[in-house]
$ cat run.cif   # mmCIF, C-alpha atoms and all ligand atoms
data_model
#
loop_
_atom_site.label_atom_id
_atom_site.label_comp_id
_atom_site.auth_asym_id
_atom_site.auth_seq_id
_atom_site.Cartn_x
_atom_site.Cartn_y
_atom_site.Cartn_z
CA MET A 1 -4.09 -63.39 -1.52
CA ASP A 2 -2.71 -65.39 1.41
CA ILE A 3 -5.58 -67.60 2.55
CA ALA A 4 -8.81 -68.88 0.95
CA VAL A 5 -11.58 -69.68 3.40
CA ILE A 6 -14.33 -71.71 1.75
CA GLY A 7 -16.99 -71.84 4.43
CA SER A 8 -19.89 -70.57 6.44
CA ASN A 9 -21.07 -67.27 7.81
CA ASN A 10 -23.80 -66.96 10.45
CA VAL A 11 -25.58 -64.27 12.34
CA ASP A 12 -24.89 -65.02 16.01
CA LEU A 13 -27.76 -64.37 18.41
CA ILE A 14 -25.97 -64.63 21.76
CA SER A 15 -28.01 -64.80 24.97
CA TYR A 16 -26.06 -64.55 28.22
CA ILE A 17 -28.00 -66.73 30.65
CA ASP A 18 -27.94 -67.67 34.32
CA ARG A 19 -29.30 -71.13 33.51
CA MET A 20 -31.01 -73.02 30.65
CA PRO A 21 -34.85 -72.97 30.78
CA GLU A 22 -36.67 -76.17 31.77
CA ASP A 23 -39.16 -77.81 29.39
CA GLY A 24 -42.08 -75.39 28.82
CA GLU A 25 -40.46 -72.65 30.91
CA THR A 26 -39.78 -69.04 29.87
CA ILE A 27 -36.90 -67.29 31.61
CA GLU A 28 -35.27 -63.91 31.20
CA ALA A 29 -31.66 -63.60 30.00
CA PRO A 30 -29.79 -60.74 31.63
CA ASP A 31 -28.00 -59.79 28.40
CA PHE A 32 -27.91 -60.30 24.62
CA GLN A 33 -25.53 -59.60 21.73
CA LEU A 34 -26.17 -59.73 18.00
CA GLY A 35 -22.99 -60.38 16.05
CA SER A 36 -21.32 -61.73 12.94
CA GLY A 37 -20.21 -65.33 13.25
CA GLY A 38 -20.06 -68.70 11.50
CA LYS A 39 -16.94 -70.84 11.77
CA GLY A 40 -15.73 -69.96 8.26
CA ALA A 41 -16.23 -66.22 8.60
CA ASN A 42 -14.77 -66.23 12.12
CA GLN A 43 -11.58 -67.99 11.04
CA ALA A 44 -11.28 -65.66 8.04
CA MET A 45 -11.84 -62.64 10.30
CA ALA A 46 -9.19 -63.64 12.84
CA ALA A 47 -6.60 -64.09 10.06
CA ARG A 48 -7.67 -60.80 8.47
CA ARG A 49 -7.50 -58.83 11.76
CA LEU A 50 -3.93 -60.08 12.14
CA GLY A 51 -3.02 -58.82 8.68
CA SER A 52 -3.53 -61.65 6.17
CA GLU A 53 -5.18 -61.05 2.81
CA VAL A 54 -8.16 -63.44 2.95
CA LEU A 55 -10.36 -64.61 0.09
CA MET A 56 -13.79 -65.49 1.51
CA ILE A 57 -16.02 -67.84 -0.49
CA THR A 58 -19.40 -68.07 1.17
CA ARG A 59 -23.16 -67.62 0.67
CA VAL A 60 -25.63 -65.31 2.40
CA GLY A 61 -29.41 -65.43 2.08
CA SER A 62 -31.96 -62.89 0.82
CA ASP A 63 -33.08 -61.79 4.29
CA LEU A 64 -32.32 -58.74 6.41
CA PHE A 65 -29.13 -60.37 7.76
CA ALA A 66 -27.44 -60.63 4.35
CA ASP A 67 -26.54 -56.96 3.75
CA ASN A 68 -25.24 -56.65 7.29
CA THR A 69 -22.95 -59.65 6.81
CA ILE A 70 -21.61 -58.28 3.54
CA LYS A 71 -21.03 -54.87 5.16
CA ASN A 72 -19.15 -56.56 8.01
CA PHE A 73 -16.80 -58.21 5.50
CA GLU A 74 -16.33 -54.90 3.64
CA ASP A 75 -15.69 -52.95 6.86
CA ASN A 76 -12.91 -55.41 7.67
CA GLY A 77 -11.22 -55.06 4.30
CA PHE A 78 -12.49 -58.16 2.49
CA ASP A 79 -13.15 -58.25 -1.23
CA THR A 80 -16.73 -59.57 -1.28
CA LYS A 81 -16.92 -60.75 -4.88
CA TYR A 82 -17.34 -64.36 -3.71
CA VAL A 83 -19.84 -63.56 -0.96
CA LEU A 84 -22.70 -64.95 -3.01
CA ARG A 85 -26.43 -64.55 -2.52
CA THR A 86 -29.01 -67.34 -2.24
CA GLU A 87 -32.81 -67.06 -2.03
CA GLY A 88 -33.90 -67.81 1.56
CA THR A 89 -32.49 -67.47 5.06
CA SER A 90 -28.89 -66.65 5.90
CA GLY A 91 -27.03 -68.90 8.32
CA VAL A 92 -28.18 -68.21 11.87
CA ALA A 93 -26.79 -69.36 15.22
CA PRO A 94 -28.70 -68.98 18.48
CA ILE A 95 -26.01 -69.21 21.19
CA PHE A 96 -26.37 -69.51 24.97
CA VAL A 97 -23.44 -68.49 27.17
CA ASP A 98 -23.67 -69.42 30.85
CA LYS A 99 -22.15 -67.80 33.93
CA GLU A 100 -19.10 -70.08 33.67
CA SER A 101 -18.47 -68.62 30.15
CA ASN A 102 -19.33 -71.94 28.45
CA ASN A 103 -21.49 -71.92 25.32
CA ARG A 104 -24.20 -74.03 23.68
CA ILE A 105 -24.77 -73.39 19.97
CA ILE A 106 -27.53 -74.32 17.52
CA ILE A 107 -26.84 -73.66 13.83
CA ILE A 108 -29.35 -73.21 11.05
CA LYS A 109 -27.22 -73.60 7.90
CA GLY A 110 -29.54 -71.66 5.60
CA ALA A 111 -27.61 -70.27 2.60
CA ASN A 112 -24.40 -71.98 3.78
CA ALA A 113 -25.87 -75.32 2.69
CA GLU A 114 -26.02 -73.99 -0.89
CA LEU A 115 -22.29 -73.27 -1.26
CA SER A 116 -21.41 -75.66 -4.07
CA PRO A 117 -18.47 -77.14 -6.02
CA ALA A 118 -19.55 -74.84 -8.90
CA ASP A 119 -18.88 -71.84 -6.61
CA ILE A 120 -15.33 -73.15 -6.13
CA ASP A 121 -14.94 -73.51 -9.90
CA ASP A 122 -16.11 -69.92 -10.37
CA ALA A 123 -13.43 -68.70 -7.96
CA ALA A 124 -10.80 -71.22 -9.13
CA GLU A 125 -8.22 -68.77 -10.45
CA ASP A 126 -8.25 -66.68 -7.25
CA ILE A 127 -8.22 -69.73 -4.94
CA ALA A 128 -5.31 -71.24 -6.88
CA ALA A 129 -3.27 -68.10 -6.12
CA CYS A 130 -3.65 -68.61 -2.33
CA LYS A 131 -1.07 -70.25 -0.06
CA LEU A 132 -3.55 -72.08 2.18
CA ILE A 133 -7.16 -73.29 1.91
CA VAL A 134 -9.14 -73.34 5.18
CA LEU A 135 -12.31 -75.45 5.56
CA GLN A 136 -14.88 -76.36 8.22
CA LEU A 137 -18.08 -78.45 8.16
CA GLU A 138 -20.87 -75.85 8.20
CA ILE A 139 -21.37 -76.09 4.43
CA ASP A 140 -22.42 -78.99 2.21
CA ILE A 141 -20.03 -81.90 2.82
CA GLU A 142 -19.57 -82.56 -0.93
CA THR A 143 -18.29 -78.99 -1.31
CA VAL A 144 -15.75 -79.67 1.45
CA TYR A 145 -14.53 -82.83 -0.33
CA TYR A 146 -14.36 -80.92 -3.63
CA ALA A 147 -12.29 -78.14 -2.01
CA ILE A 148 -9.84 -80.74 -0.65
CA GLU A 149 -9.50 -82.25 -4.14
CA PHE A 150 -9.00 -78.74 -5.55
CA GLY A 151 -6.19 -78.01 -3.07
CA THR A 152 -4.51 -81.34 -3.78
CA LYS A 153 -4.74 -80.81 -7.55
CA HIS A 154 -3.22 -77.32 -7.30
CA GLY A 155 -0.58 -78.18 -4.68
CA ILE A 156 -2.11 -75.88 -2.05
CA PRO A 157 -2.02 -77.08 1.57
CA VAL A 158 -5.51 -77.64 3.00
CA LEU A 159 -6.46 -77.11 6.66
CA LEU A 160 -9.68 -78.81 7.73
CA ASN A 161 -11.37 -77.97 11.02
CA PRO A 162 -13.88 -80.86 11.24
CA ALA A 163 -16.44 -78.75 13.13
CA PRO A 164 -19.19 -79.10 14.00
CA ALA A 165 -18.61 -82.81 14.58
CA ASP A 166 -20.22 -84.78 11.73
CA PRO A 167 -20.70 -88.56 12.03
CA ASN A 168 -21.00 -88.76 8.22
CA LEU A 169 -17.52 -87.35 7.54
CA ASP A 170 -15.61 -89.86 5.41
CA LEU A 171 -12.04 -90.05 6.70
CA ASP A 172 -10.92 -91.51 3.40
CA ARG A 173 -12.04 -88.35 1.59
CA VAL A 174 -10.23 -85.97 3.96
CA LYS A 175 -6.95 -87.89 4.22
CA ASP A 176 -5.28 -85.57 1.70
CA CYS A 177 -5.59 -82.57 4.01
CA THR A 178 -2.25 -81.29 5.25
CA TYR A 179 -3.58 -80.02 8.58
CA LEU A 180 -6.50 -81.48 10.51
CA MET A 181 -7.58 -79.45 13.55
CA PRO A 182 -10.28 -81.20 15.60
CA ASN A 183 -11.22 -80.60 19.22
CA GLU A 184 -11.54 -83.63 21.51
CA THR A 185 -15.20 -84.32 20.66
CA GLU A 186 -14.50 -84.19 16.93
CA LEU A 187 -11.39 -86.34 17.36
CA ALA A 188 -13.39 -89.02 19.19
CA LEU A 189 -16.08 -89.04 16.52
CA LEU A 190 -13.59 -89.15 13.63
CA THR A 191 -11.56 -92.01 15.06
CA GLY A 192 -14.09 -93.92 17.18
CA MET A 193 -11.45 -93.91 19.92
CA PRO A 194 -11.64 -92.74 23.56
CA VAL A 195 -10.15 -89.32 24.35
CA GLU A 196 -10.37 -89.19 28.14
CA SER A 197 -6.65 -89.12 28.93
CA GLU A 198 -3.67 -87.37 27.32
CA GLU A 199 -2.39 -90.77 26.10
CA GLU A 200 -5.75 -91.58 24.50
CA ILE A 201 -5.87 -88.20 22.75
CA GLU A 202 -2.40 -88.74 21.31
CA ALA A 203 -3.25 -92.28 20.21
CA ALA A 204 -6.43 -91.05 18.47
CA ALA A 205 -4.51 -88.25 16.76
CA ARG A 206 -1.95 -90.80 15.54
CA LYS A 207 -4.75 -92.80 13.94
CA LEU A 208 -5.42 -89.76 11.73
CA LEU A 209 -1.74 -89.71 10.75
CA ASP A 210 -2.03 -93.37 9.78
CA ALA A 211 -4.97 -92.42 7.55
CA GLY A 212 -2.68 -90.03 5.63
CA ILE A 213 -3.00 -86.61 7.29
CA LYS A 214 0.39 -84.89 7.66
CA ASP A 215 -0.13 -82.77 10.77
CA VAL A 216 -2.86 -83.20 13.38
CA ILE A 217 -3.38 -80.35 15.85
CA VAL A 218 -5.94 -81.10 18.58
CA THR A 219 -7.37 -78.03 20.28
CA LEU A 220 -8.03 -78.68 23.97
CA GLY A 221 -9.83 -75.49 25.05
CA SER A 222 -8.39 -73.99 28.24
CA ARG A 223 -5.90 -76.91 28.39
CA GLY A 224 -4.09 -75.75 25.24
CA ALA A 225 -3.30 -77.96 22.23
CA LEU A 226 -1.47 -81.06 21.03
CA TRP A 227 0.45 -81.32 17.75
CA VAL A 228 1.40 -84.69 16.30
CA ASN A 229 3.05 -85.58 13.02
CA GLY A 230 5.18 -88.42 11.64
CA GLU A 231 8.24 -87.26 13.59
CA ALA A 232 7.05 -86.08 16.98
CA ALA A 233 4.35 -84.93 19.37
CA LYS A 234 4.32 -81.61 21.21
CA ARG A 235 1.95 -80.49 23.96
CA TYR A 236 1.14 -76.75 24.39
CA GLN A 237 -0.22 -75.77 27.81
CA GLY A 238 -3.24 -73.45 28.05
CA GLU A 239 -2.86 -69.81 29.04
CA LYS A 240 -4.40 -68.71 32.37
CA VAL A 241 -6.97 -65.99 31.71
CA ASP A 242 -10.27 -64.73 33.16
CA ALA A 243 -12.73 -66.11 30.60
CA VAL A 244 -16.05 -64.32 30.05
CA ASP A 245 -17.19 -65.94 26.77
CA THR A 246 -15.52 -68.92 25.05
CA THR A 247 -17.63 -68.68 21.87
CA GLY A 248 -15.42 -68.67 18.78
CA ALA A 249 -12.18 -69.41 20.67
CA GLY A 250 -11.47 -72.40 18.42
CA ASP A 251 -11.99 -70.18 15.38
CA ALA A 252 -9.64 -67.55 16.82
CA PHE A 253 -7.03 -70.31 17.21
CA ILE A 254 -7.42 -71.52 13.62
CA GLY A 255 -7.51 -68.03 12.06
CA CYS A 256 -4.38 -67.00 13.96
CA PHE A 257 -2.63 -70.30 13.22
CA SER A 258 -3.38 -69.83 9.50
CA HIS A 259 -2.07 -66.26 9.52
CA VAL A 260 1.20 -67.08 11.29
CA LEU A 261 1.71 -70.28 9.27
CA VAL A 262 1.33 -68.46 5.95
CA GLN A 263 3.61 -65.61 7.06
CA THR A 264 6.37 -67.75 8.65
CA GLY A 265 5.95 -71.33 7.39
CA ASP A 266 6.61 -72.46 10.99
CA ILE A 267 3.97 -74.74 12.56
CA ASP A 268 5.41 -74.60 16.09
CA THR A 269 5.38 -70.78 16.12
CA ALA A 270 1.89 -70.76 14.61
CA ILE A 271 0.49 -73.04 17.36
CA THR A 272 2.28 -71.16 20.15
CA ILE A 273 0.86 -67.80 19.04
CA ALA A 274 -2.60 -69.21 18.19
CA ASN A 275 -2.82 -70.67 21.70
CA ARG A 276 -2.24 -67.18 23.15
CA TYR A 277 -4.58 -65.49 20.67
CA ALA A 278 -7.46 -67.87 21.44
CA ALA A 279 -6.95 -67.34 25.19
CA ASP A 280 -7.00 -63.59 24.66
CA SER A 281 -10.29 -63.86 22.72
CA VAL A 282 -12.16 -65.49 25.63
CA THR A 283 -11.55 -62.44 27.81
CA ARG A 284 -14.05 -60.49 25.66
CA ARG A 285 -17.68 -61.14 24.75
CA GLY A 286 -18.95 -62.27 21.36
CA THR A 287 -17.29 -64.14 18.52
CA GLN A 288 -15.69 -61.83 15.95
CA THR A 289 -16.01 -58.91 18.41
CA SER A 290 -13.55 -60.76 20.67
CA PHE A 291 -10.80 -61.13 18.04
CA ALA A 292 -7.93 -58.67 18.54
CA THR A 293 -6.17 -56.86 15.71
CA ALA A 294 -2.41 -57.37 15.23
CA GLU A 295 -1.82 -54.04 16.96
CA GLU A 296 -4.06 -54.85 19.93
CA PHE A 297 -2.47 -58.30 20.27
CA GLY A 298 1.05 -56.93 19.79
CA LEU A 299 1.84 -59.20 16.83
CA GLU A 300 4.38 -58.05 14.27
CA ILE A 301 4.35 -61.08 11.96
O1 LIG B 401 -17.42 -71.46 16.53
C1 LIG B 401 -18.35 -70.49 16.89
C2 LIG B 401 -19.35 -70.32 15.80
O2 LIG B 401 -20.11 -71.51 15.70
C3 LIG B 401 -20.36 -69.24 16.02
O3 LIG B 401 -19.96 -68.01 15.48
C4 LIG B 401 -21.61 -69.81 15.38
O4 LIG B 401 -22.07 -69.05 14.31
C5 LIG B 401 -21.26 -71.22 14.98
O5 LIG B 401 -20.94 -71.31 13.66
#

$ encode --input "run.cif" --output "structure tokens"
Amino acid sequence: MDIAVIGSNNVDLISYIDRMPEDGETIEAPDFQLGSGGKGANQAMAARRLGSEVLMITRVGSDLFADNTIKNFEDNGFDTKYVLRTEGTSGVAPIFVDKESNNRIIIIKGANAELSPADIDDAAEDIAACKLIVLQLEIDIETVYYAIEFGTKHGIPVLLNPAPADPNLDLDRVKDCTYLMPNETELALLTGMPVESEEEIEAAARKLLDAGIKDVIVTLGSRGALWVNGEAAKRYQGEKVDAVDTTGAGDAFIGCFSHVLVQTGDIDTAITIANRYAADSVTRRGTQTSFATAEEFGLEI
């Protein structure tokens, strides 16, 4: 296996709206899409579509969404032995996409909240054989910390996407991650620093380096990305595309970055290609439905 993703899966309920309803108002949405999502599953799916072998450790509920989620993993070539079942609801995400292609997301963690350190122990041998561990914050925070400790103990690089932004995240317990990939909002929350200008973003990212992180990659949406490490900083400009739905673009970036990193070992190449892949994903609707395969994207790595 190339990559272990220890994280969430959600059922995305995407309403395409002209505007948000006012208090007490009912409005009609012109369109709707039901899809597979969740930051963990999305990142795993992007890497998988590009050709990586991905070990997915996650939990679904006992509701009507669970079988569909498992089938989605199977249809995309995942081994589902660590897609575990929990009594209760699966993770669900009502999403609202406006006419400018921007999204607002509510998550109900459901079964994702039950993914535990014991689940990591049960999959330990398979995780230890992976070249990269990828984490987000849609599962129990103690499980995230445990996964970081696991990666450190086994000498496996850990990539943490600190999303959704969590004010309780303890920087001291994530400092052993090799790669930290926040967006601007998450960066501001993690560091307590302003992120209005390019200089402020770089200064905040450097604070994470001071804490012990090796490489910080800040995703900047349509403006591209910034990579800082102990030696240098590099800015990647955004690609110009006609966006229809930006949901999951950050996940597309991270899944593609993980794939290219594991295949080439080259961070600069991984960011350059991930920047293009994320831009490509916003030209289609949905989350996982917007992620291209290697063939569609023209990637031969
Ligand atoms: O990043 C996009 C994802 O956030 C959606 O798929 C939704 O499920 C939430 O997890």

$ closest_atom_pairs --input "run.cif" --of "range 102-121 of chain A" --to "range 239-253 of chain A" --cutoff "10 Å" --atoms "all atoms listed in the file" --output "CSV"
residue,atom,partner,partner_atom,distance
A:Asn102,CA,A:Thr246,CA,5.9
A:Asn103,CA,A:Thr247,CA,6.1
A:Arg104,CA,A:Thr247,CA,8.7
A:Ile105,CA,A:Thr247,CA,8.8

$ closest_residue --input "run.cif" --among "A:Ala233, A:Ile156, A:Val174, A:Ile106" --to "Ala203 in chain A" --atoms "all atoms listed in the file"
A:Ala233

$ closest_residue --input "run.cif" --among "A:Asn9, A:Asn229, A:Asn68, A:Ser281" --to "ligand LIG 401 (chain B)" --atoms "only C-alpha atoms and all ligand atoms"
A:Asn9

$ atom_distance --input "run.cif" --atom1 "CA of Ile201 in chain A" --atom2 "CA of Ala278 in chain A"
20.4 Å

$ residues_near_ligand --input "run.cif" --ligand "ligand LIG 401 (chain B)" --cutoff "8 Å" --atoms "only C-alpha atoms and all ligand atoms" --output "list in words"
Ser8, Asn9, Asn10, Val11, Asp12, Ser36, Gly37, Gly38, Lys39, Gly40, Asn42, Gly91, Val92, Ala93, Pro94, Ile95, Ile105, Ile106, Ile107, Glu138, Pro164, Thr247, Gly248, Ala249, Gly250, Asp251, Thr287 and Gln288 of chain A

$ residues_around --input "run.cif" --residues "Asp18 in chain A" --least-positions-apart "4" --cutoff "8 Å" --atoms "all atoms listed in the file" --output "PyMOL selection string"
chain A and resi 29-30+98-99

$ atom_distance --input "run.cif" --atom1 "CA of Leu115 in chain A" --atom2 "CA of Arg48 in chain A"
21.5 Å

$ axis_aligned_box --input "run.cif" --around "range 125-130 of chain A" --padding-each-side "4 Å" --output "JSON"
{"center_x": -5.8, "center_y": -69.0, "center_z": -6.4, "size_x": 13.0, "size_y": 12.6, "size_z": 16.1}

$ closest_atom_pairs --input "run.cif" --of "range 132-165 of chain A" --to "range 178-183 of chain A" --cutoff "8 Å" --atoms "only C-alpha atoms" --output "tab-separated table"
residue	atom	partner	partner_atom	distance
A:Pro157	CA	A:Thr178	CA	5.6
A:Val158	CA	A:Thr178	CA	5.4
A:Leu159	CA	A:Tyr179	CA	4.5
A:Leu160	CA	A:Leu180	CA	5.0
A:Asn161	CA	A:Met181	CA	4.8
A:Pro162	CA	A:Pro182	CA	5.7
A:Ala163	CA	A:Pro182	CA	7.1

$ residues_around --input "run.cif" --residues "Asp122 in chain A" --least-positions-apart "5" --cutoff "12 Å" --atoms "all atoms listed in the file" --output "list in words"
Ile57, Lys81, Tyr82, Val83, Leu84, Leu115, Ser116, Pro117, Ile127 and Ala128 of chain A

$ write_last_selection --input "run.cif" --atoms "C-alpha atoms" --output "PDB file, in the coordinates of the input"
ATOM      1  CA  ILE A  57     -16.020 -67.840  -0.490  1.00  0.00           C
ATOM      2  CA  LYS A  81     -16.920 -60.750  -4.880  1.00  0.00           C
ATOM      3  CA  TYR A  82     -17.340 -64.360  -3.710  1.00  0.00           C
ATOM      4  CA  VAL A  83     -19.840 -63.560  -0.960  1.00  0.00           C
ATOM      5  CA  LEU A  84     -22.700 -64.950  -3.010  1.00  0.00           C
ATOM      6  CA  LEU A 115     -22.290 -73.270  -1.260  1.00  0.00           C
ATOM      7  CA  SER A 116     -21.410 -75.660  -4.070  1.00  0.00           C
ATOM      8  CA  PRO A 117     -18.470 -77.140  -6.020  1.00  0.00           C
ATOM      9  CA  ILE A 127      -8.220 -69.730  -4.940  1.00  0.00           C
ATOM     10  CA  ALA A 128      -5.310 -71.240  -6.880  1.00  0.00           C
TER      11      ALA A 128
END

$ atom_distance --input "run.cif" --atom1 "CA of Asp268 in chain A" --atom2 "CA of Leu226 in chain A"
10.7 Å

$ build_atoms --input "run.cif" --residues "range 145-155 of chain A" --atoms "all heavy atoms" --output "CSV table (one decimal), in the frame of the given file"
chain,number,residue,atom,x,y,z
A,145,TYR,N,-15.4,-81.8,0.4
A,145,TYR,CA,-14.5,-82.8,-0.3
A,145,TYR,C,-14.0,-82.3,-1.6
A,145,TYR,O,-12.8,-82.5,-2.0
A,145,TYR,CB,-15.3,-84.1,-0.7
A,145,TYR,CG,-15.9,-84.9,0.6
A,145,TYR,CD1,-17.1,-85.5,0.5
A,145,TYR,CD2,-15.1,-85.0,1.7
A,145,TYR,CE1,-17.6,-86.2,1.6
A,145,TYR,CE2,-15.6,-85.7,2.8
A,145,TYR,CZ,-16.8,-86.3,2.8
A,145,TYR,OH,-17.3,-87.0,3.8
A,146,TYR,N,-14.8,-81.5,-2.3
A,146,TYR,CA,-14.4,-80.9,-3.6
A,146,TYR,C,-13.2,-79.9,-3.4
A,146,TYR,O,-12.2,-79.9,-4.2
A,146,TYR,CB,-15.6,-80.2,-4.3
A,146,TYR,CG,-15.3,-79.8,-5.7
A,146,TYR,CD1,-15.4,-80.8,-6.8
A,146,TYR,CD2,-15.0,-78.5,-6.1
A,146,TYR,CE1,-15.1,-80.4,-8.1
A,146,TYR,CE2,-14.7,-78.1,-7.4
A,146,TYR,CZ,-14.8,-79.1,-8.4
A,146,TYR,OH,-14.6,-78.7,-9.7
A,147,ALA,N,-13.3,-79.1,-2.3
A,147,ALA,CA,-12.3,-78.1,-2.0
A,147,ALA,C,-11.0,-78.8,-1.7
A,147,ALA,O,-9.9,-78.4,-2.0
A,147,ALA,CB,-12.7,-77.3,-0.9
A,148,ILE,N,-11.1,-80.0,-1.0
A,148,ILE,CA,-9.8,-80.7,-0.6
A,148,ILE,C,-9.2,-81.3,-1.9
A,148,ILE,O,-8.0,-81.1,-2.2
A,148,ILE,CB,-10.2,-81.9,0.3
A,148,ILE,CG1,-10.6,-81.4,1.7
A,148,ILE,CG2,-8.9,-82.8,0.5
A,148,ILE,CD1,-11.2,-82.4,2.6
A,149,GLU,N,-10.0,-81.8,-2.8
A,149,GLU,CA,-9.5,-82.2,-4.1
A,149,GLU,C,-8.9,-81.1,-4.9
A,149,GLU,O,-7.8,-81.2,-5.5
A,149,GLU,CB,-10.6,-82.8,-5.0
A,149,GLU,CG,-11.1,-84.2,-4.5
A,149,GLU,CD,-12.4,-84.6,-5.1
A,149,GLU,OE1,-12.8,-84.1,-6.2
A,149,GLU,OE2,-13.1,-85.5,-4.5
A,150,PHE,N,-9.5,-79.9,-4.9
A,150,PHE,CA,-9.0,-78.7,-5.6
A,150,PHE,C,-7.6,-78.4,-5.0
A,150,PHE,O,-6.7,-78.2,-5.8
A,150,PHE,CB,-10.0,-77.6,-5.4
A,150,PHE,CG,-9.6,-76.3,-6.1
A,150,PHE,CD1,-10.1,-76.0,-7.3
A,150,PHE,CD2,-8.6,-75.4,-5.5
A,150,PHE,CE1,-9.7,-74.9,-8.0
A,150,PHE,CE2,-8.2,-74.3,-6.2
A,150,PHE,CZ,-8.8,-74.0,-7.4
A,151,GLY,N,-7.5,-78.4,-3.7
A,151,GLY,CA,-6.2,-78.0,-3.1
A,151,GLY,C,-5.1,-79.0,-3.5
A,151,GLY,O,-4.0,-78.6,-3.8
A,152,THR,N,-5.5,-80.3,-3.4
A,152,THR,CA,-4.5,-81.3,-3.8
A,152,THR,C,-4.1,-81.2,-5.2
A,152,THR,O,-2.9,-81.2,-5.5
A,152,THR,CB,-5.2,-82.7,-3.6
A,152,THR,OG1,-5.7,-82.8,-2.3
A,152,THR,CG2,-4.2,-83.9,-3.7
A,153,LYS,N,-5.0,-80.9,-6.1
A,153,LYS,CA,-4.7,-80.8,-7.6
A,153,LYS,C,-3.8,-79.6,-7.8
A,153,LYS,O,-2.9,-79.7,-8.7
A,153,LYS,CB,-6.1,-80.6,-8.3
A,153,LYS,CG,-6.0,-80.8,-9.8
A,153,LYS,CD,-7.3,-80.9,-10.4
A,153,LYS,CE,-7.5,-79.8,-11.4
A,153,LYS,NZ,-8.9,-79.5,-11.7
A,154,HIS,N,-4.0,-78.5,-7.1
A,154,HIS,CA,-3.2,-77.3,-7.3
A,154,HIS,C,-2.0,-77.2,-6.4
A,154,HIS,O,-1.3,-76.2,-6.4
A,154,HIS,CB,-4.1,-76.1,-7.1
A,154,HIS,CG,-5.1,-75.9,-8.3
A,154,HIS,ND1,-6.3,-76.6,-8.3
A,154,HIS,CD2,-5.1,-75.2,-9.4
A,154,HIS,CE1,-7.0,-76.3,-9.4
A,154,HIS,NE2,-6.2,-75.5,-10.1
A,155,GLY,N,-1.8,-78.2,-5.6
A,155,GLY,CA,-0.6,-78.2,-4.7
A,155,GLY,C,-0.7,-77.1,-3.6
A,155,GLY,O,0.3,-76.6,-3.1
